[in-house]
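S.K.: For reference, the file protein.pdb (PDB, C-alpha atoms) is included below:
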```pdb
MODEL        1
ATOM      1  CA  MET A   1     -48.914 126.416 145.267
ATOM      2  CA  GLU A   2     -47.066 125.353 148.380
ATOM      3  CA  GLN A   3     -44.020 123.227 147.521
ATOM      4  CA  PRO A   4     -42.948 120.017 149.292
ATOM      5  CA  ASN A   5     -39.654 119.752 151.135
ATOM      6  CA  ASN A   6     -37.441 117.224 152.898
ATOM      7  CA  ASN A   7     -37.072 119.150 156.145
ATOM      8  CA  TYR A   8     -38.839 116.650 158.368
ATOM      9  CA  ILE A   9     -37.008 113.669 156.883
ATOM     10  CA  ASN A  10     -33.651 115.454 157.159
ATOM     11  CA  GLN A  11     -34.289 116.500 160.751
ATOM     12  CA  LEU A  12     -35.340 113.011 161.772
ATOM     13  CA  SER A  13     -32.467 111.316 159.943
ATOM     14  CA  GLY A  14     -29.675 113.593 161.155
ATOM     15  CA  ASP A  15     -26.418 111.897 160.134
ATOM     16  CA  ASP A  16     -28.097 108.553 159.643
ATOM     17  CA  LEU A  17     -28.001 108.346 155.855
ATOM     18  CA  GLU A  18     -29.171 104.770 155.873
ATOM     19  CA  PHE A  19     -32.362 105.778 157.667
ATOM     20  CA  LYS A  20     -32.873 108.688 155.287
ATOM     21  CA  ALA A  21     -32.573 106.339 152.316
ATOM     22  CA  LYS A  22     -35.056 103.986 153.973
ATOM     23  CA  MET A  23     -37.559 106.808 154.493
ATOM     24  CA  ILE A  24     -37.283 107.939 150.887
ATOM     25  CA  ALA A  25     -37.637 104.382 149.615
ATOM     26  CA  ILE A  26     -40.787 103.879 151.683
ATOM     27  CA  LEU A  27     -42.166 107.217 150.479
ATOM     28  CA  LYS A  28     -41.478 106.355 146.840
ATOM     29  CA  ARG A  29     -43.211 103.019 147.233
ATOM     30  CA  GLU A  30     -46.050 103.810 149.632
ATOM     31  CA  LEU A  31     -47.249 107.182 148.296
ATOM     32  CA  PRO A  32     -48.087 105.979 144.739
ATOM     33  CA  GLU A  33     -49.829 102.921 146.235
ATOM     34  CA  GLU A  34     -51.962 105.073 148.519
ATOM     35  CA  ILE A  35     -52.791 107.472 145.680
ATOM     36  CA  LEU A  36     -53.821 104.592 143.427
ATOM     37  CA  ILE A  37     -56.115 103.188 146.101
ATOM     38  CA  TYR A  38     -57.653 106.634 146.576
ATOM     39  CA  GLN A  39     -58.157 107.078 142.808
ATOM     40  CA  ASN A  40     -59.884 103.719 142.470
ATOM     41  CA  GLN A  41     -62.182 104.530 145.373
ATOM     42  CA  MET A  42     -63.147 107.816 143.705
ATOM     43  CA  ILE A  43     -63.769 106.051 140.377
ATOM     44  CA  ASN A  44     -66.025 103.596 142.202
ATOM     45  CA  ASN A  45     -67.718 106.467 144.048
ATOM     46  CA  ASP A  46     -66.809 104.825 147.351
ATOM     47  CA  LEU A  47     -66.539 108.128 149.179
ATOM     48  CA  SER A  48     -66.341 106.879 152.764
ATOM     49  CA  GLU A  49     -63.445 104.570 151.871
ATOM     50  CA  ALA A  50     -61.833 107.441 149.938
ATOM     51  CA  ALA A  51     -62.114 109.574 153.088
ATOM     52  CA  GLN A  52     -60.054 106.929 154.924
ATOM     53  CA  SER A  53     -57.428 107.091 152.169
ATOM     54  CA  VAL A  54     -57.302 110.886 152.343
ATOM     55  CA  HIS A  55     -56.851 110.578 156.090
ATOM     56  CA  LYS A  56     -53.873 108.291 155.536
ATOM     57  CA  LEU A  57     -52.412 110.589 152.872
ATOM     58  CA  LYS A  58     -52.523 113.530 155.300
ATOM     59  CA  HIS A  59     -49.534 112.040 157.086
ATOM     60  CA  LYS A  60     -47.463 112.097 153.891
ATOM     61  CA  ILE A  61     -48.632 115.658 153.206
ATOM     62  CA  SER A  62     -47.321 116.680 156.633
ATOM     63  CA  ILE A  63     -44.082 114.739 156.227
ATOM     64  CA  LEU A  64     -43.392 116.669 153.024
ATOM     65  CA  GLY A  65     -43.913 119.946 154.868
ATOM     66  CA  LEU A  66     -47.129 120.942 153.102
ATOM     67  CA  GLU A  67     -48.607 122.579 156.170
ATOM     68  CA  LYS A  68     -51.234 124.720 154.437
ATOM     69  CA  ASN A  69     -52.252 121.925 152.084
ATOM     70  CA  TYR A  70     -52.833 119.686 155.087
ATOM     71  CA  TYR A  71     -55.906 121.765 155.888
ATOM     72  CA  ILE A  72     -57.226 121.382 152.338
ATOM     73  CA  ALA A  73     -56.854 117.614 152.746
ATOM     74  CA  GLU A  74     -58.598 117.750 156.113
ATOM     75  CA  GLU A  75     -61.493 119.709 154.638
ATOM     76  CA  PHE A  76     -61.741 117.300 151.701
ATOM     77  CA  GLU A  77     -61.733 114.318 154.076
ATOM     78  CA  GLY A  78     -64.651 115.887 155.955
ATOM     79  CA  ASN A  79     -66.491 116.553 152.690
ATOM     80  CA  LEU A  80     -66.078 112.943 151.582
ATOM     81  CA  LYS A  81     -67.462 111.716 154.880
ATOM     82  CA  ASN A  82     -70.536 113.816 154.081
ATOM     83  CA  LYS A  83     -70.715 112.310 150.564
ATOM     84  CA  ASN A  84     -69.543 115.558 149.004
ATOM     85  CA  THR A  85     -66.603 115.827 146.568
ATOM     86  CA  LYS A  86     -65.998 119.560 147.010
ATOM     87  CA  SER A  87     -62.233 120.347 147.072
ATOM     88  CA  GLN A  88     -61.424 117.211 145.044
ATOM     89  CA  SER A  89     -59.486 119.117 142.389
ATOM     90  CA  ASP A  90     -57.530 121.069 145.040
ATOM     91  CA  PHE A  91     -56.653 117.854 146.832
ATOM     92  CA  GLU A  92     -55.623 116.075 143.655
ATOM     93  CA  ALA A  93     -53.385 119.019 142.735
ATOM     94  CA  ILE A  94     -51.573 118.424 146.046
ATOM     95  CA  LEU A  95     -51.119 114.751 145.180
ATOM     96  CA  LYS A  96     -49.673 115.712 141.796
ATOM     97  CA  VAL A  97     -47.136 118.071 143.365
ATOM     98  CA  MET A  98     -46.145 115.391 145.879
ATOM     99  CA  GLN A  99     -45.715 112.757 143.187
ATOM    100  CA  GLU A 100     -43.566 115.065 141.079
ATOM    101  CA  PHE A 101     -41.449 115.845 144.134
ATOM    102  CA  ILE A 102     -40.794 112.233 145.151
ATOM    103  CA  GLU A 103     -39.908 111.272 141.584
ATOM    104  CA  LYS A 104     -36.956 113.638 141.840
ATOM    105  CA  LEU A 105     -35.740 112.288 145.199
TER
ATOM    106  CA  MET B 106     -39.950  99.393 178.566
ATOM    107  CA  ASN B 107     -40.746  96.664 176.059
ATOM    108  CA  CYS B 108     -42.934  98.064 173.330
ATOM    109  CA  ILE B 109     -44.746  97.209 170.130
ATOM    110  CA  VAL B 110     -45.934  99.425 167.269
ATOM    111  CA  ILE B 111     -49.275  98.934 165.501
ATOM    112  CA  ASP B 112     -49.865 101.012 162.381
ATOM    113  CA  ASP B 113     -50.975 100.017 158.890
ATOM    114  CA  GLU B 114     -48.710 102.680 157.355
ATOM    115  CA  GLU B 115     -45.091 101.568 156.862
ATOM    116  CA  MET B 116     -43.785 105.147 156.961
ATOM    117  CA  ALA B 117     -45.388 105.719 160.367
ATOM    118  CA  ARG B 118     -43.926 102.481 161.733
ATOM    119  CA  ALA B 119     -40.454 103.394 160.426
ATOM    120  CA  ILE B 120     -40.560 106.802 162.139
ATOM    121  CA  ILE B 121     -41.607 105.387 165.513
ATOM    122  CA  GLU B 122     -39.094 102.560 165.170
ATOM    123  CA  LYS B 123     -36.328 105.124 164.650
ATOM    124  CA  MET B 124     -37.381 107.103 167.726
ATOM    125  CA  ILE B 125     -37.498 103.915 169.805
ATOM    126  CA  GLU B 126     -33.987 103.004 168.615
ATOM    127  CA  ASN B 127     -32.768 106.416 169.711
ATOM    128  CA  ASN B 128     -34.181 105.948 173.208
ATOM    129  CA  PRO B 129     -32.254 103.590 175.535
ATOM    130  CA  GLN B 130     -35.285 103.231 177.824
ATOM    131  CA  LEU B 131     -37.223 101.499 175.070
ATOM    132  CA  GLN B 132     -36.905  98.120 173.417
ATOM    133  CA  LEU B 133     -38.933  97.380 170.306
ATOM    134  CA  LEU B 134     -40.244  93.820 170.455
ATOM    135  CA  GLN B 135     -42.279  93.781 167.265
ATOM    136  CA  GLU B 136     -44.181  95.954 164.831
ATOM    137  CA  PHE B 137     -47.531  95.127 163.256
ATOM    138  CA  SER B 138     -49.390  96.393 160.219
ATOM    139  CA  ASN B 139     -52.726  95.136 161.495
ATOM    140  CA  ALA B 140     -54.448  94.833 164.833
ATOM    141  CA  MET B 141     -55.378  91.156 164.681
ATOM    142  CA  GLN B 142     -51.724  90.093 164.408
ATOM    143  CA  ALA B 143     -50.978  92.247 167.434
ATOM    144  CA  ILE B 144     -53.809  90.688 169.451
ATOM    145  CA  LYS B 145     -52.356  87.233 168.797
ATOM    146  CA  TYR B 146     -48.929  88.466 169.840
ATOM    147  CA  LEU B 147     -50.263  90.056 173.046
ATOM    148  CA  ASN B 148     -51.904  86.775 173.935
ATOM    149  CA  GLN B 149     -48.475  85.190 174.267
ATOM    150  CA  ASN B 150     -46.127  88.031 175.192
ATOM    151  CA  GLU B 151     -45.824  90.650 177.890
ATOM    152  CA  VAL B 152     -45.617  94.205 176.659
ATOM    153  CA  ASP B 153     -45.178  97.421 178.657
ATOM    154  CA  LEU B 154     -46.164  99.957 176.035
ATOM    155  CA  ILE B 155     -48.052 100.041 172.731
ATOM    156  CA  PHE B 156     -47.763 102.747 170.079
ATOM    157  CA  LEU B 157     -51.180 102.448 168.511
ATOM    158  CA  ASP B 158     -52.573 104.072 165.388
ATOM    159  CA  ILE B 159     -56.230 105.057 165.670
ATOM    160  CA  HIS B 160     -57.139 104.657 161.996
ATOM    161  CA  MET B 161     -56.603 101.185 160.650
ATOM    162  CA  PRO B 162     -58.655  99.258 158.134
ATOM    163  CA  ASP B 163     -61.482  97.301 159.805
ATOM    164  CA  PHE B 164     -60.274  98.076 163.320
ATOM    165  CA  THR B 165     -59.815 101.397 165.094
ATOM    166  CA  GLY B 166     -57.337 101.880 167.913
ATOM    167  CA  PHE B 167     -60.286 102.236 170.291
ATOM    168  CA  ASP B 168     -61.746  98.931 169.081
ATOM    169  CA  PHE B 169     -58.363  97.397 169.742
ATOM    170  CA  ILE B 170     -58.189  98.674 173.322
ATOM    171  CA  GLN B 171     -61.703  97.460 174.044
ATOM    172  CA  THR B 172     -60.810  94.049 172.670
ATOM    173  CA  ILE B 173     -57.892  93.348 174.998
ATOM    174  CA  LYS B 174     -58.283  92.735 178.695
ATOM    175  CA  ASN B 175     -55.919  94.588 181.040
ATOM    176  CA  PRO B 176     -54.234  96.566 178.262
ATOM    177  CA  PRO B 177     -50.707  97.831 178.891
ATOM    178  CA  LYS B 178     -49.850 101.511 178.590
ATOM    179  CA  VAL B 179     -50.854 102.890 175.216
ATOM    180  CA  ILE B 180     -49.595 105.932 173.339
ATOM    181  CA  LEU B 181     -52.130 106.720 170.628
ATOM    182  CA  VAL B 182     -50.886 108.001 167.305
ATOM    183  CA  SER B 183     -53.049 109.768 164.730
ATOM    184  CA  SER B 184     -53.019 112.342 161.948
ATOM    185  CA  ASP B 185     -56.114 113.777 163.574
ATOM    186  CA  LYS B 186     -56.315 115.906 166.715
ATOM    187  CA  ASN B 187     -60.029 115.324 167.048
ATOM    188  CA  PHE B 188     -59.816 112.079 169.006
ATOM    189  CA  ALA B 189     -57.807 113.480 171.910
ATOM    190  CA  PHE B 190     -60.864 113.945 174.118
ATOM    191  CA  GLU B 191     -62.099 110.386 173.576
ATOM    192  CA  ALA B 192     -58.577 109.051 174.075
ATOM    193  CA  PHE B 193     -58.347 110.145 177.672
ATOM    194  CA  GLU B 194     -61.500 108.304 178.626
ATOM    195  CA  TYR B 195     -59.301 105.186 178.638
ATOM    196  CA  GLU B 196     -57.089 104.724 181.667
ATOM    197  CA  CYS B 197     -54.436 102.853 179.685
ATOM    198  CA  ILE B 198     -53.891 105.725 177.222
ATOM    199  CA  VAL B 199     -51.024 107.765 178.621
ATOM    200  CA  ASP B 200     -50.542 110.176 175.719
ATOM    201  CA  TYR B 201     -51.717 111.138 172.257
ATOM    202  CA  LEU B 202     -49.252 111.936 169.484
ATOM    203  CA  VAL B 203     -50.264 113.757 166.326
ATOM    204  CA  LYS B 204     -48.454 112.737 163.131
ATOM    205  CA  PRO B 205     -45.890 113.618 161.982
ATOM    206  CA  ILE B 206     -44.304 112.960 165.354
ATOM    207  CA  THR B 207     -41.417 115.147 166.449
ATOM    208  CA  GLU B 208     -38.621 113.793 168.652
ATOM    209  CA  ASP B 209     -39.323 116.332 171.417
ATOM    210  CA  ARG B 210     -42.964 115.366 171.597
ATOM    211  CA  PHE B 211     -42.053 111.677 171.486
ATOM    212  CA  LEU B 212     -39.730 112.113 174.494
ATOM    213  CA  LYS B 213     -42.469 113.856 176.469
ATOM    214  CA  ALA B 214     -44.810 110.955 175.746
ATOM    215  CA  ILE B 215     -42.199 108.476 177.011
ATOM    216  CA  GLN B 216     -41.759 110.524 180.194
ATOM    217  CA  LYS B 217     -45.519 110.390 180.702
ATOM    218  CA  ALA B 218     -45.525 106.642 180.125
ATOM    219  CA  ASN B 219     -42.730 106.231 182.666
ATOM    220  CA  SER B 220     -44.497 108.255 185.315
ATOM    221  CA  THR B 221     -47.923 106.654 184.853
ATOM    222  CA  GLN B 222     -49.008 103.727 186.991
ATOM    223  CA  LEU B 223     -51.934 101.689 185.722
ATOM    224  CA  SER B 224     -54.324  99.611 187.799
ATOM    225  CA  PRO B 225     -53.124  96.156 188.947
ATOM    226  CA  SER B 226     -52.236  93.440 186.422
ATOM    227  CA  SER B 227     -51.891  95.911 183.607
ATOM    228  CA  THR B 228     -48.896  94.312 181.944
ATOM    229  CA  VAL B 229     -50.596  91.321 180.389
ATOM    230  CA  ALA B 230     -53.071  91.936 177.631
ATOM    231  CA  LYS B 231     -55.453  89.078 177.099
ATOM    232  CA  PRO B 232     -57.633  89.106 174.027
ATOM    233  CA  VAL B 233     -61.275  88.272 174.333
ATOM    234  CA  THR B 234     -61.997  87.702 170.664
ATOM    235  CA  GLU B 235     -60.032  84.543 170.113
ATOM    236  CA  ASP B 236     -59.999  81.244 171.916
ATOM    237  CA  ASN B 237     -63.430  81.928 173.294
ATOM    238  CA  ALA B 238     -65.764  78.970 172.999
ATOM    239  CA  ASN B 239     -69.119  80.661 173.414
ATOM    240  CA  GLU B 240     -69.096  83.857 171.436
ATOM    241  CA  PHE B 241     -67.613  85.951 168.686
ATOM    242  CA  TYR B 242     -67.404  89.655 167.989
ATOM    243  CA  ILE B 243     -68.515  91.662 164.987
ATOM    244  CA  ASN B 244     -67.363  95.138 164.061
ATOM    245  CA  ILE B 245     -70.260  97.510 163.339
ATOM    246  CA  ASP B 246     -69.723 101.266 163.097
ATOM    247  CA  ARG B 247     -66.390 100.881 164.878
ATOM    248  CA  ARG B 248     -67.961  99.102 167.840
ATOM    249  CA  LEU B 249     -67.332  95.491 168.685
ATOM    250  CA  ILE B 250     -70.578  93.686 169.388
ATOM    251  CA  LYS B 251     -70.610  90.338 171.161
ATOM    252  CA  ILE B 252     -72.786  87.571 169.741
ATOM    253  CA  GLU B 253     -73.181  84.245 171.489
ATOM    254  CA  PHE B 254     -72.984  81.330 169.073
ATOM    255  CA  ALA B 255     -76.059  79.693 170.582
ATOM    256  CA  THR B 256     -78.229  82.719 169.734
ATOM    257  CA  VAL B 257     -77.417  82.663 166.014
ATOM    258  CA  ASN B 258     -80.124  81.206 163.794
ATOM    259  CA  VAL B 259     -78.848  81.788 160.271
ATOM    260  CA  VAL B 260     -76.017  83.539 158.446
ATOM    261  CA  GLU B 261     -76.770  84.623 154.907
ATOM    262  CA  ALA B 262     -74.335  85.986 152.310
ATOM    263  CA  LYS B 263     -75.596  88.981 150.327
ATOM    264  CA  GLY B 264     -73.030  90.466 147.978
ATOM    265  CA  ASP B 265     -70.123  91.893 149.958
ATOM    266  CA  TYR B 266     -72.066  91.570 153.214
ATOM    267  CA  ILE B 267     -73.341  88.857 155.511
ATOM    268  CA  HIS B 268     -76.600  88.997 157.423
ATOM    269  CA  ILE B 269     -76.376  87.442 160.857
ATOM    270  CA  LYS B 270     -79.834  86.577 162.163
ATOM    271  CA  THR B 271     -79.976  85.908 165.883
ATOM    272  CA  GLU B 272     -82.812  85.213 168.323
ATOM    273  CA  GLY B 273     -83.037  88.874 169.260
ATOM    274  CA  LYS B 274     -81.593  90.952 166.466
ATOM    275  CA  ASN B 275     -80.241  90.901 162.935
ATOM    276  CA  TYR B 276     -76.848  92.324 161.970
ATOM    277  CA  ILE B 277     -75.307  93.262 158.633
ATOM    278  CA  VAL B 278     -71.525  92.991 158.477
ATOM    279  CA  HIS B 279     -69.056  93.639 155.668
ATOM    280  CA  SER B 280     -67.503  90.173 155.451
ATOM    281  CA  THR B 281     -67.691  86.855 153.659
ATOM    282  CA  LEU B 282     -69.458  83.615 154.451
ATOM    283  CA  LYS B 283     -66.098  81.836 154.423
ATOM    284  CA  LYS B 284     -64.689  84.122 157.129
ATOM    285  CA  ILE B 285     -67.594  83.617 159.475
ATOM    286  CA  GLU B 286     -67.737  79.897 158.719
ATOM    287  CA  ASP B 287     -64.185  79.633 160.075
ATOM    288  CA  LYS B 288     -65.252  81.350 163.310
ATOM    289  CA  LEU B 289     -68.364  79.294 163.985
ATOM    290  CA  PRO B 290     -68.196  75.971 165.887
ATOM    291  CA  LYS B 291     -68.493  73.138 163.404
ATOM    292  CA  ASP B 292     -70.564  70.935 165.696
ATOM    293  CA  LEU B 293     -73.330  73.563 165.796
ATOM    294  CA  PHE B 294     -73.273  75.189 162.376
ATOM    295  CA  LEU B 295     -73.472  73.808 158.866
ATOM    296  CA  LYS B 296     -73.261  75.407 155.462
ATOM    297  CA  VAL B 297     -76.364  74.131 153.670
ATOM    298  CA  HIS B 298     -76.204  76.334 150.594
ATOM    299  CA  ARG B 299     -73.583  78.558 148.991
ATOM    300  CA  SER B 300     -75.299  81.566 150.606
ATOM    301  CA  PHE B 301     -76.462  80.099 153.928
ATOM    302  CA  ILE B 302     -75.000  78.732 157.146
ATOM    303  CA  ILE B 303     -77.514  77.479 159.682
ATOM    304  CA  ASN B 304     -77.484  76.623 163.360
ATOM    305  CA  THR B 305     -78.593  72.989 163.173
ATOM    306  CA  LYS B 306     -80.078  73.136 166.697
ATOM    307  CA  LYS B 307     -82.560  75.743 165.491
ATOM    308  CA  ILE B 308     -84.176  73.664 162.764
ATOM    309  CA  ILE B 309     -87.948  73.436 163.213
ATOM    310  CA  ASP B 310     -88.692  71.251 160.215
ATOM    311  CA  ILE B 311     -87.217  70.063 156.970
ATOM    312  CA  GLU B 312     -88.764  69.646 153.587
ATOM    313  CA  ASP B 313     -87.033  68.224 150.526
ATOM    314  CA  ASN B 314     -84.976  71.248 149.611
ATOM    315  CA  SER B 315     -85.411  73.603 152.550
ATOM    316  CA  VAL B 316     -85.357  73.941 156.326
ATOM    317  CA  LEU B 317     -87.466  76.176 158.538
ATOM    318  CA  ILE B 318     -85.566  78.156 161.165
ATOM    319  CA  ALA B 319     -87.581  80.669 163.183
ATOM    320  CA  LYS B 320     -89.671  82.238 160.400
ATOM    321  CA  ASP B 321     -87.104  81.796 157.654
ATOM    322  CA  VAL B 322     -87.208  79.136 154.985
ATOM    323  CA  ILE B 323     -83.626  78.318 154.086
ATOM    324  CA  PRO B 324     -82.751  76.482 150.855
ATOM    325  CA  ILE B 325     -80.604  73.349 151.038
ATOM    326  CA  SER B 326     -78.404  72.586 148.092
ATOM    327  CA  HIS B 327     -78.346  69.052 146.729
ATOM    328  CA  ALA B 328     -74.650  68.655 147.561
ATOM    329  CA  ASN B 329     -75.054  69.727 151.211
ATOM    330  CA  ARG B 330     -78.163  67.728 152.003
ATOM    331  CA  PRO B 331     -76.400  64.415 152.883
ATOM    332  CA  GLU B 332     -74.233  66.126 155.518
ATOM    333  CA  LEU B 333     -77.282  67.785 157.048
ATOM    334  CA  MET B 334     -79.137  64.482 157.212
ATOM    335  CA  LYS B 335     -76.128  62.891 158.903
ATOM    336  CA  ARG B 336     -76.253  65.527 161.645
ATOM    337  CA  LEU B 337     -79.909  64.920 162.484
ATOM    338  CA  ASN B 338     -80.982  62.479 165.153
ATOM    339  CA  LEU B 339     -83.436  60.678 162.915
ATOM    340  CA  LEU B 340     -85.895  58.197 164.382
TER
ENDMDL
END
```
Can the structure in the file be given as structure tokens, please?
M.R.:
Amino acid sequence: MEQPNNNYINQLSGDDLEFKAKMIAILKRELPEEILIYQNQMINNDLSEAAQSVHKLKHKISILGLEKNYYIAEEFEGNLKNKNTKSQSDFEAILKVMQEFIEKL
Amino acid sequence: MNCIVIDDEEMARAIIEKMIENNPQLQLLQEFSNAMQAIKYLNQNEVDLIFLDIHMPDFTGFDFIQTIKNPPKVILVSSDKNFAFEAFEYECIVDYLVKPITEDRFLKAIQKANSTQLSPSSTVAKPVTEDNANEFYINIDRRLIKIEFATVNVVEAKGDYIHIKTEGKNYIVHSTLKKIEDKLPKDLFLKVHRSFIINTKKIIDIEDNSVLIAKDVIPISHANRPELMKRLNLL
């Protein structure tokens, strides 16, 4: 499984530690919120709304350097738009890895 | 260039804000998490450049551009490459950035914005959705559809949706009766039941507990009947 990293955040922050802390704080707050919204949409079988949430989560996937997993998310987003949940478990495994990573930041 | 950022994702706004701070050519006036707030702002302020997310709840970036008159320069931002073709159908869109944005790519977009000249009077964006006395807009399948108030017969609440019945066509919109009630002119429309708002000029006849509008029989609740009777020019 591809592992997340801080490369993008570090590159963007440079020596600006305050900005880096801000980015991490936003990530720690916003990612669990977005995941929760996605999970509720899946529970309610609201697949088109869930597709929108997956779309939003793709940005966080990219920010954490998960380049290959981005394409899994993209495929899953397309599946959801077609009312199909194929790749759900793969996508949710990505979310789990991301959550575990940000908890350690 | 004075600029604003519109994106529902805080992380995306923070990244663009940082890149704007790093660029002496740019001055961030305001950032917005939703498009409607930005439309209100653009109605009162001059802006040279908008960083605009395509995917926002209830409003796409393209909806936004179509809603404002004489839009300023726009740099679209998205996690998706697939909208690039559509993006360049709009004269105001000077570039298209795919998230996550890199600083090099951001700088290229600013150079493009600097070198692009839009058609005359492109610096003031005037919204058409608000402050308009004759019509309102509904969002259906990411398209904004204009409806003139005078053509509306009845608005009916059905679960999470409202049915707007007009002289020519019926529309189903994901909204609430309260939201549309606030948009409709109070001298023309009246809520006669918890699920119905009617255009009082369209009433054909009234029985004890109902009104006929076009071919629809609309119930009148006991509590709303006195107000309806007040509005009528009774002989």
S.K.: Expand the ChimeraX specification (/B :<9) & /A into the explicit residue set it covers here, and present it as a PyMOL selection string.
M.R.: chain A and resi 8+12-13+19+22-23+26-27+30+52+55-56+58-60+62-63+74
S.K.: Could you list the residues chosen by the PyMOL selection byres ((chain A and resi 69) around 10) in this structure as a PyMOL selection string?
M.R.: chain A and resi 1-4+58+61-62+65-68+70-75+90-91+93-94
S.K.: Env of B:Ile243: 12 Å cut, atoms = all atoms listed in the file, seq-sep filter 3 positions within chain, self excluded. Answer as a PyMOL selection string.
M.R.: chain B and resi 163-164+168+172+234+240+246-254+267-269+275-280+284-285+288
S.K.: Neighbouring residues of A:Lys81 were defined as those with any atom within 10 Å, considering all atoms listed in the file; residues of the same chain fewer than 3 positions away were excluded. Please report them as a list in words.
M.R.: Leu47, Ser48, Glu49, Ala50, Ala51, Gln52, Glu75, Phe76, Glu77, Gly78, Asn84 and Thr85 of chain A
S.K.: Record the distance separating atom CA of B:Ser300 and atom CA of B:Ala319, expressed in Å with one decimal.
M.R.: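 Between atom CA of B:Ser300 and atom CA of B:Ala319 the gap is 17.6 Å.
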S.K.: Quick one: which residues end up in the PyMOL selection byres ((chain B and resi 128-139) around 8) for this structure, as an MDAnalysis selection string?
M.R.: chainID B and resid 106:115 118 122 124:127 140:143 161:162
S.K.: Give me, please, the distance in Å between atom CA of B:Thr281 and atom CA of B:Tyr266, quoted to one decimal.
M.R.: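 Computed distance, atom CA of B:Thr281 to atom CA of B:Tyr266, equals 6.4 Å.
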S.K.: I'd like the interatomic distance between atom CA of B:Lys296 and atom CA of B:Asp265, to a tenth of an Å.
M.R.: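 One can read the atom CA of B:Lys296 to atom CA of B:Asp265 distance as 17.7 Å.
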S.K.: Find the spatial neighbours of B:Leu317, counting all atoms listed in the file, within a cut-off of 12 Å - ignore same-chain residues fewer than 4 positions away - and output them as a ChimeraX atom specification.
M.R.: /B:258-259,303-313,321-325
